[in-house]
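One file, input-v2.cif, is given below (mmCIF, C-alpha atoms).
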data_upload
loop_
_atom_site.label_atom_id
_atom_site.label_comp_id
_atom_site.auth_asym_id
_atom_site.auth_seq_id
_atom_site.Cartn_x
_atom_site.Cartn_y
_atom_site.Cartn_z
CA MET A 62 129.53 107.07 105.99
CA ALA A 63 126.13 105.40 106.32
CA MET A 64 123.13 107.63 105.75
CA PRO A 65 120.29 107.67 108.31
CA ILE A 66 117.42 105.37 107.34
CA SER A 67 113.82 105.91 108.40
CA VAL A 68 111.45 102.96 108.24
CA ILE A 69 107.83 103.97 107.57
CA ILE A 70 105.07 101.44 108.32
CA PRO A 71 101.49 102.29 107.28
CA THR A 72 98.85 100.48 109.35
CA LEU A 73 95.14 99.88 109.31
CA ASN A 74 93.71 97.28 111.71
CA GLU A 75 97.00 95.38 112.01
CA GLU A 76 96.80 94.28 115.65
CA ARG A 77 97.64 90.70 114.69
CA THR A 78 100.90 91.55 112.97
CA ILE A 79 102.26 94.91 114.11
CA MET A 80 103.96 93.80 117.32
CA THR A 81 105.95 91.08 115.57
CA THR A 82 106.98 93.48 112.83
CA LEU A 83 107.99 96.20 115.29
CA ALA A 84 110.03 93.86 117.47
CA HIS A 85 111.83 92.40 114.46
CA THR A 86 112.49 95.71 112.72
CA ALA A 87 113.50 97.69 115.80
CA ALA A 88 116.36 95.26 116.42
CA LEU A 89 117.93 95.85 113.00
CA GLY A 90 119.63 99.16 113.77
CA PHE A 91 117.61 101.63 111.73
CA ASP A 92 117.61 105.25 112.84
CA GLU A 93 113.86 105.43 113.42
CA LEU A 94 110.62 103.53 112.90
CA ILE A 95 107.51 105.56 112.15
CA VAL A 96 104.16 103.81 112.29
CA VAL A 97 101.49 105.79 110.43
CA ASP A 98 98.00 104.71 111.40
CA GLY A 99 95.15 105.45 109.04
CA GLY A 100 92.26 105.14 111.47
CA SER A 101 92.45 101.62 112.86
CA LEU A 102 89.35 100.44 114.69
CA ASP A 103 91.23 97.67 116.49
CA GLN A 104 94.06 97.90 119.05
CA THR A 105 96.83 98.76 116.59
CA PRO A 106 97.56 102.32 117.89
CA VAL A 107 97.36 101.17 121.52
CA LEU A 108 99.82 98.35 120.86
CA VAL A 109 102.26 100.64 119.07
CA GLU A 110 102.19 103.18 121.91
CA SER A 111 102.63 100.42 124.46
CA TYR A 112 105.60 99.04 122.54
CA ARG A 113 107.14 102.50 122.23
CA ARG A 114 106.93 103.17 125.96
CA ARG A 115 108.36 99.77 126.89
CA THR A 116 111.30 99.54 124.55
CA GLN A 117 113.05 102.88 124.25
CA SER A 118 116.72 101.96 124.65
CA PRO A 119 120.08 102.41 122.87
CA THR A 120 119.79 98.92 121.37
CA GLN A 121 116.37 99.55 119.79
CA SER A 122 115.42 101.88 116.96
CA PRO A 123 113.21 104.68 118.31
CA VAL A 124 109.53 104.17 117.47
CA ARG A 125 106.96 106.89 116.83
CA LEU A 126 103.25 106.75 116.12
CA VAL A 127 101.76 109.21 113.63
CA THR A 128 98.14 109.42 112.53
CA ALA A 129 97.03 110.30 109.03
CA PRO A 130 93.95 110.22 106.81
CA GLY A 131 93.18 106.71 105.57
CA GLY A 132 94.84 105.52 102.39
CA ARG A 133 98.26 103.92 102.14
CA ALA A 134 99.67 106.63 99.85
CA ARG A 135 98.61 109.41 102.21
CA GLN A 136 99.92 107.53 105.21
CA MET A 137 103.32 106.91 103.65
CA ASN A 138 103.60 110.55 102.58
CA GLU A 139 102.79 111.69 106.13
CA GLY A 140 105.36 109.27 107.50
CA ALA A 141 107.97 110.68 105.15
CA LYS A 142 107.17 114.24 106.30
CA ALA A 143 107.53 113.20 109.95
CA SER A 144 110.80 111.35 109.39
CA GLY A 145 114.36 112.59 109.53
CA GLY A 146 116.27 109.98 107.54
CA GLU A 147 118.09 110.54 104.27
CA ILE A 148 116.81 107.17 103.12
CA LEU A 149 113.12 106.24 103.34
CA LEU A 150 112.16 102.57 103.58
CA PHE A 151 108.45 101.74 103.23
CA LEU A 152 107.48 98.53 104.97
CA HIS A 153 104.14 96.74 105.18
CA ALA A 154 102.94 95.84 108.65
CA ASP A 155 102.92 92.11 107.85
CA THR A 156 106.42 92.02 106.34
CA GLN A 157 109.79 91.29 107.92
CA LEU A 158 113.11 92.50 106.57
CA PRO A 159 116.25 90.34 106.38
CA GLY A 160 118.55 90.69 109.36
CA ASP A 161 121.20 92.56 107.36
CA ALA A 162 118.75 94.89 105.59
CA LYS A 163 120.40 98.08 106.85
CA THR A 164 123.84 97.01 105.61
CA ILE A 165 122.40 95.90 102.28
CA ILE A 166 120.69 99.27 101.73
CA ASP A 167 123.79 101.20 102.84
CA THR A 168 125.96 99.21 100.42
CA THR A 169 123.48 99.56 97.57
CA LEU A 170 123.11 103.32 97.90
CA ALA A 171 126.84 103.87 98.27
CA ASP A 172 126.62 103.75 94.49
CA GLN A 173 125.48 107.29 93.70
CA ARG A 174 123.81 106.14 90.49
CA MET A 175 121.22 104.25 92.54
CA VAL A 176 118.15 106.27 93.51
CA GLY A 177 116.38 103.46 95.35
CA GLY A 178 115.41 99.84 95.16
CA ARG A 179 113.41 96.95 96.49
CA PHE A 180 113.88 93.43 97.88
CA ASP A 181 112.80 90.06 96.55
CA VAL A 182 109.84 88.58 98.42
CA ARG A 183 108.91 85.21 99.88
CA PHE A 184 105.95 84.11 101.97
CA ASP A 185 105.87 83.12 105.62
CA ARG A 186 104.21 79.76 105.00
CA PRO A 187 106.11 77.54 102.57
CA SER A 188 103.84 75.95 99.98
CA MET A 189 103.77 75.16 96.29
CA TRP A 190 101.50 78.12 95.59
CA GLY A 191 103.60 80.45 97.75
CA THR A 192 106.76 79.48 95.89
CA ILE A 193 105.14 79.93 92.49
CA ILE A 194 103.61 83.30 93.36
CA SER A 195 106.74 84.76 94.95
CA ARG A 196 108.93 83.64 92.05
CA MET A 197 106.49 85.20 89.59
CA MET A 198 106.45 88.45 91.56
CA ASN A 199 110.24 88.64 91.73
CA TRP A 200 110.71 87.69 88.07
CA ARG A 201 108.10 90.19 86.87
CA SER A 202 109.60 92.95 89.00
CA ARG A 203 113.14 92.26 87.83
CA LEU A 204 112.05 92.18 84.19
CA SER A 205 109.88 95.31 84.31
CA GLY A 206 111.66 97.37 86.94
CA ILE A 207 108.28 97.81 88.66
CA ALA A 208 107.91 96.86 92.33
CA THR A 209 105.02 96.43 94.73
CA GLY A 210 104.78 97.50 98.35
CA ASP A 211 105.27 93.91 99.50
CA GLN A 212 108.87 94.20 98.32
CA ALA A 213 109.84 96.97 100.78
CA LEU A 214 110.59 99.93 98.53
CA PHE A 215 113.39 102.28 99.56
CA VAL A 216 114.41 105.63 98.08
CA ARG A 217 116.68 108.59 98.69
CA ARG A 218 114.77 111.43 100.36
CA PRO A 219 115.74 114.13 97.82
CA VAL A 220 114.48 111.91 95.01
CA PHE A 221 111.27 111.14 96.90
CA GLU A 222 110.66 114.85 97.42
CA GLN A 223 111.43 115.70 93.79
CA MET A 224 108.82 113.12 92.77
CA GLY A 225 106.22 114.59 95.11
CA GLY A 226 106.03 111.36 97.07
CA PHE A 227 103.32 108.82 96.39
CA ALA A 228 100.46 109.91 94.18
CA ASP A 229 97.22 110.38 96.14
CA MET A 230 95.43 107.37 94.71
CA PRO A 231 93.51 104.61 96.53
CA LEU A 232 95.22 101.74 94.72
CA MET A 233 98.33 100.99 92.64
CA GLU A 234 100.29 103.77 94.38
CA ASP A 235 103.31 101.47 94.67
CA ILE A 236 103.31 100.58 90.98
CA ASP A 237 102.86 104.21 89.99
CA PHE A 238 105.68 105.24 92.33
CA SER A 239 108.19 102.63 91.16
CA ARG A 240 107.40 103.42 87.52
CA ARG A 241 108.18 107.11 88.14
CA LEU A 242 111.23 106.22 90.22
CA LYS A 243 112.82 104.43 87.26
CA ARG A 244 112.89 107.74 85.40
CA LYS A 245 115.07 109.28 88.13
CA GLY A 246 117.94 106.82 87.86
CA ALA A 247 119.01 103.25 88.43
CA THR A 248 116.99 101.16 90.90
CA ALA A 249 118.24 98.05 92.67
CA ALA A 250 116.40 94.73 92.36
CA LEU A 251 117.93 93.04 95.40
CA THR A 252 118.03 89.26 95.68
CA ALA A 253 117.89 89.49 99.48
CA THR A 254 114.36 88.58 100.54
CA VAL A 255 111.71 90.06 102.79
CA THR A 256 109.19 87.66 104.30
CA THR A 257 105.56 88.65 104.00
CA SER A 258 102.25 87.15 105.06
CA PHE A 259 100.43 84.66 102.82
CA ARG A 260 97.13 85.44 104.56
CA ARG A 261 95.51 87.34 101.68
CA TRP A 262 96.25 84.55 99.22
CA GLU A 263 95.04 81.84 101.62
CA ARG A 264 91.85 83.62 102.58
CA HIS A 265 90.41 83.76 99.08
CA GLY A 266 92.35 80.98 97.37
CA PRO A 267 95.68 81.45 95.57
CA LEU A 268 94.41 80.94 92.02
CA ARG A 269 91.41 83.25 92.42
CA THR A 270 93.60 85.93 93.99
CA ILE A 271 96.26 85.65 91.26
CA LEU A 272 93.67 86.04 88.51
CA LEU A 273 92.03 89.01 90.21
CA MET A 274 95.35 90.78 90.82
CA TRP A 275 96.39 90.23 87.21
CA ALA A 276 93.03 91.59 86.05
CA LEU A 277 93.38 94.68 88.25
CA ARG A 278 96.88 95.41 86.98
CA PHE A 279 95.85 94.90 83.38
CA LEU A 280 92.90 97.27 83.78
CA TYR A 281 95.17 99.82 85.46
CA TRP A 282 97.72 99.61 82.64
CA ILE A 283 95.03 100.25 80.01
CA GLY A 284 93.88 103.33 81.87
CA ILE A 285 91.06 102.35 84.22
CA SER A 286 91.04 104.66 87.24
CA PRO A 287 92.26 103.13 90.54
CA SER A 288 89.13 104.57 92.15
CA HIS A 289 87.02 102.32 89.93
CA LEU A 290 89.24 99.32 90.71
CA LEU A 291 89.08 99.78 94.47
CA GLU A 292 85.92 97.77 95.05
CA TRP A 293 87.38 94.76 93.27
CA TYR A 294 90.58 95.06 95.28
CA LYS A 295 88.65 95.10 98.56
CA ALA A 296 87.51 91.59 97.71
CA VAL A 297 91.03 90.25 98.35
CA ARG A 298 92.02 92.43 101.31
#
Have the structure of the file written as structure tokens, please.
Amino acid sequence: MAMPISVIIPTLNEERTIMTTLAHTAALGFDELIVVDGGSLDQTPVLVESYRRRTQSPTQSPVRLVTAPGGRARQMNEGAKASGGEILLFLHADTQLPGDAKTIIDTTLADQRMVGGRFDVRFDRPSMWGTIISRMMNWRSRLSGIATGDQALFVRRPVFEQMGGFADMPLMEDIDFSRRLKRKGATAALTATVTTSFRRWERHGPLRTILLMWALRFLYWIGISPSHLLEWYKAVR
């Protein structure tokens, strides 16, 4: 029997992307969608509430809006607290799941050895740089067992709660979480792909962004505090 799945979407000033993501995700048959807003100054909360009021029907996943202190880790933890699913799926506001995502997750977690997993990623605008970057991300993740939030992490609720959720850190919370998740059991590196926005890479140039992200991860791995890395990261947001 399939376990209930809650999709948790942290947002901050995502008025350009949230409606597309909601419409796409709500049609996939998940048990609930929880948008957790971290203090948007644009129309994101208004759009989510408008969508919720317009689309409540048996063919759409129910949508709820929750507010939380800013910070993706805090927002995702609040979303998990507000949710009722046995499986928690964390989705970025600019990312779309494959059409059979629910079935894929159900099938994956039918294996009791699996505690969670992630998807492969591709970008919404095909390009040479996009192909190179996505292949590098997927290869690195498969080799290391470490995933990023772009890859739509999912986890069993009891495991998430045993881990204490995401660490309250301003950066690298996804890497920290997936590293700790590996210690709880087997994790699935799915070949099915989510499609995410290439906007960050385009805005600042793919090569510059790659080098900066590599530098941030290297500094994190050698022990530099995420709080100290935050200002650098803001440069590519």
query = Given the file above and the PyMOL selection byres ((chain A and resi 140-150) around 10), which residues are selected, and can you give them as number ranges by chain?
reply = A: 63-71, 91-98, 125-129, 134-139, 151-152, 163, 166-167, 170, 176-179, 213-222, 226
ask   = Looking at A:Ala253, A:Leu242, A:Ala228, A:Val124, which one is nearest to Asp161 (chain A), with distances taken over only C-alpha atoms?
value = A:Ala253
ask   = Could you work out how far CA of Thr192 (chain A) lies from CA of Ala247 (chain A), giving the answer in Å with one decimal?
value = 27.8 Å
query = CA of Lys243 (chain A) to CA of Asp172 (chain A): how many Å, to one decimal?
reply =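 Value for the CA of Lys243 (chain A)-CA of Asp172 (chain A) distance: 15.6 Å.
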task = May I have the residues within 10 Å of Gly100 (chain A) as a ChimeraX atom specification, using all atoms listed in the file and disregarding those fewer than 5 positions away in the same chain?
result = /A:72-74,105-106,128-132
query = Can you tell me how far CA of Ala154 (chain A) sits from CA of Arg113 (chain A), in Å to one decimal?
reply = 15.7 Å
inquiry  = Could you list, as an MDAnalysis selection string, every residue within 8 Å of region 250-252 of chain A, counting all atoms listed in the file and ignoring same-chain residues fewer than 5 positions away?
reply    = chainID A and resid 178:181 202:203 206
